[in-house]
Amino acid sequence: MFKNTYLIDDDVDTLYLHRYFLNEYNFFENLLEFQDASKAMKSLLVDDTGDKNLILLDLNMPIMSGWEFVEMVCAELKPKQLETTYIVIVSSSCNPRDISRANAHPYISSYIEKPFLPPDIELLLERLRNIQQVKSVA
């Protein structure tokens, strides 16, 4: 389903937990982990193949916040790359402004509160399948 899945979170324990659960599902070729969103951005810019990418992104991080990362993705990626990149916010923030901002953003596919557990993954995969079907019809 996805060539690359980017796990972007500054917390090592969260990365471990998410990696553990994600490896139970077979929907990506490569799982790339970053504690620094700016390094993830550099990696994403190099990967301009047009393959489908999934980004699981924390919002509250030092150096570059999740929102700053989203803004940079929208500004820097080529249109074809934007079409095949799916951003999912995975955050401990239950701030209604963050949730409504994510839901209103055209390039954010979903918002999930931490911890990201197997039932969340199953719901997310179903939601992403539906989004992909809509995109392929359009």
# chains A, B, ... in the order shown; residues from 1 in each chain; ligands from 1

$ residues_around --residues "range 64-69 of chain A" --least-positions-apart "4" --cutoff "12 Å" --atoms "only C-alpha atoms" --output "ChimeraX atom specification"
/A:7-10,34-42,44,55-60,73-77,87-91,93,98-99,101-102,105,107-108

$ closest_atom_pairs --of "range 12-46 of chain A" --to "range 121-126 of chain A" --cutoff "12 Å" --atoms "only C-alpha atoms" --output "tab-separated table"
residue	atom	partner	partner_atom	distance
A:His18	CA	A:Ile121	CA	9.8
A:Arg19	CA	A:Ile121	CA	11.6
A:Tyr20	CA	A:Ile121	CA	11.9
A:Phe21	CA	A:Ile121	CA	8.3
A:Leu22	CA	A:Ile121	CA	7.6
A:Asn23	CA	A:Ile121	CA	10.9
A:Glu24	CA	A:Ile121	CA	10.0
A:Tyr25	CA	A:Ile121	CA	8.5
A:Asn26	CA	A:Leu125	CA	10.8
A:Phe27	CA	A:Leu125	CA	8.6
A:Phe28	CA	A:Leu125	CA	11.3

$ closest_residue --among "A:Tyr6, A:Tyr111, A:Tyr86, A:Tyr16" --to "Leu128 in chain A" --atoms "only C-alpha atoms"
A:Tyr86

$ closest_residue --among "A:Gln132, A:Ser100, A:Asn95, A:Asn53" --to "Gln81 in chain A" --atoms "only C-alpha atoms"
A:Asn53

$ closest_residue --among "A:Ser109, A:Glu33, A:Leu45, A:Asp51" --to "Phe2 in chain A" --atoms "only C-alpha atoms"
A:Asp51

$ select_by_dssp --residues "range 61-94 of chain A" --states "helix (DSSP H, G or I)" --output "ChimeraX atom specification"
/A:66-76,79-83

$ decode --residues "range 9-128 of chain A" --atoms "C-alpha atoms" --output "tab-separated table (two decimals), in the first residue's frame"
chain	number	residue	atom	x	y	z
A	9	ASP	CA	7.94	11.80	17.07
A	10	ASP	CA	10.50	13.18	19.51
A	11	ASP	CA	9.70	10.52	22.13
A	12	VAL	CA	11.76	7.31	21.81
A	13	ASP	CA	9.24	5.22	23.77
A	14	THR	CA	6.40	6.34	21.50
A	15	LEU	CA	8.45	5.49	18.41
A	16	TYR	CA	9.13	2.03	19.83
A	17	LEU	CA	5.45	1.41	20.64
A	18	HIS	CA	4.24	2.61	17.25
A	19	ARG	CA	6.92	0.60	15.42
A	20	TYR	CA	5.92	-2.51	17.38
A	21	PHE	CA	2.24	-2.20	16.43
A	22	LEU	CA	2.83	-1.09	12.85
A	23	ASN	CA	5.05	-4.09	12.13
A	24	GLU	CA	2.03	-6.33	12.82
A	25	TYR	CA	0.43	-4.97	9.65
A	26	ASN	CA	1.79	-5.38	6.15
A	27	PHE	CA	1.02	-2.07	4.46
A	28	PHE	CA	4.45	-0.50	3.87
A	29	GLU	CA	7.81	-1.41	2.37
A	30	ASN	CA	9.97	0.85	4.54
A	31	LEU	CA	9.44	2.18	8.05
A	32	LEU	CA	11.51	5.32	8.64
A	33	GLU	CA	11.76	6.82	12.13
A	34	PHE	CA	12.68	10.39	12.98
A	35	GLN	CA	12.88	12.23	16.29
A	36	ASP	CA	13.50	15.48	14.41
A	37	ALA	CA	10.91	16.60	11.86
A	38	SER	CA	13.47	18.66	9.94
A	39	LYS	CA	15.48	15.48	9.21
A	40	ALA	CA	12.30	13.73	8.09
A	41	MET	CA	11.63	16.65	5.75
A	42	LYS	CA	15.07	16.28	4.17
A	43	SER	CA	14.42	12.58	3.60
A	44	LEU	CA	11.00	13.27	2.10
A	45	LEU	CA	12.45	15.85	-0.31
A	46	VAL	CA	14.98	13.32	-1.59
A	47	ASP	CA	12.20	10.77	-2.21
A	48	ASP	CA	10.44	12.35	-5.17
A	49	THR	CA	9.55	9.10	-6.93
A	50	GLY	CA	5.79	9.66	-6.67
A	51	ASP	CA	5.36	6.48	-4.62
A	52	LYS	CA	2.72	6.54	-1.89
A	53	ASN	CA	4.04	7.74	1.46
A	54	LEU	CA	2.36	7.75	4.85
A	55	ILE	CA	3.49	10.22	7.50
A	56	LEU	CA	2.53	9.61	11.13
A	57	LEU	CA	3.30	12.93	12.75
A	58	ASP	CA	3.41	14.20	16.32
A	59	LEU	CA	2.51	17.87	16.77
A	60	ASN	CA	4.46	18.92	19.86
A	61	MET	CA	8.16	18.53	19.12
A	62	PRO	CA	11.23	20.68	19.65
A	63	ILE	CA	13.25	22.08	16.71
A	64	MET	CA	10.31	21.83	14.27
A	65	SER	CA	6.71	21.35	15.38
A	66	GLY	CA	4.30	19.10	13.53
A	67	TRP	CA	2.45	22.16	12.21
A	68	GLU	CA	5.69	23.68	10.90
A	69	PHE	CA	6.43	20.34	9.21
A	70	VAL	CA	3.00	20.30	7.53
A	71	GLU	CA	3.51	23.86	6.26
A	72	MET	CA	6.91	22.94	4.86
A	73	VAL	CA	5.55	19.79	3.20
A	74	CYS	CA	2.89	21.86	1.44
A	75	ALA	CA	5.42	24.47	0.35
A	76	GLU	CA	8.28	22.19	-0.70
A	77	LEU	CA	6.85	19.00	-2.18
A	78	LYS	CA	6.09	18.74	-5.87
A	79	PRO	CA	2.37	18.49	-6.73
A	80	LYS	CA	2.66	14.80	-7.73
A	81	GLN	CA	4.36	14.05	-4.42
A	82	LEU	CA	1.65	15.88	-2.47
A	83	GLU	CA	-1.01	13.79	-4.21
A	84	THR	CA	0.62	10.56	-3.02
A	85	THR	CA	1.56	11.65	0.51
A	86	TYR	CA	-0.86	11.00	3.34
A	87	ILE	CA	-0.30	12.86	6.61
A	88	VAL	CA	-1.83	11.53	9.80
A	89	ILE	CA	-1.49	13.49	13.02
A	90	VAL	CA	-0.79	11.20	15.98
A	91	SER	CA	-0.72	13.45	19.01
A	92	SER	CA	-1.36	13.52	22.73
A	93	SER	CA	-2.93	16.94	22.21
A	94	CYS	CA	-6.68	16.85	22.64
A	95	ASN	CA	-6.87	20.58	22.02
A	96	PRO	CA	-10.04	21.21	19.98
A	97	ARG	CA	-8.20	23.82	17.88
A	98	ASP	CA	-5.55	21.25	16.84
A	99	ILE	CA	-8.23	18.70	15.97
A	100	SER	CA	-10.36	21.13	13.94
A	101	ARG	CA	-7.28	22.57	12.23
A	102	ALA	CA	-6.20	19.06	11.22
A	103	ASN	CA	-9.69	18.11	10.04
A	104	ALA	CA	-9.90	21.26	7.91
A	105	HIS	CA	-6.45	20.87	6.33
A	106	PRO	CA	-6.58	19.53	2.76
A	107	TYR	CA	-3.40	17.45	3.12
A	108	ILE	CA	-4.06	15.91	6.53
A	109	SER	CA	-5.87	12.61	6.16
A	110	SER	CA	-6.66	11.92	9.80
A	111	TYR	CA	-6.09	12.86	13.44
A	112	ILE	CA	-5.49	10.15	16.04
A	113	GLU	CA	-4.85	10.63	19.73
A	114	LYS	CA	-1.94	8.77	21.32
A	115	PRO	CA	-1.39	6.02	22.04
A	116	PHE	CA	-1.73	4.63	18.52
A	117	LEU	CA	-3.04	1.08	19.11
A	118	PRO	CA	-4.07	-1.78	16.75
A	119	PRO	CA	-7.77	-0.76	16.59
A	120	ASP	CA	-6.61	2.75	15.58
A	121	ILE	CA	-4.42	1.26	12.85
A	122	GLU	CA	-7.30	-0.78	11.48
A	123	LEU	CA	-9.60	2.25	11.38
A	124	LEU	CA	-6.87	4.35	9.82
A	125	LEU	CA	-6.18	1.79	7.08
A	126	GLU	CA	-9.88	1.68	6.24
A	127	ARG	CA	-10.06	5.49	6.12
A	128	LEU	CA	-6.95	5.66	3.89
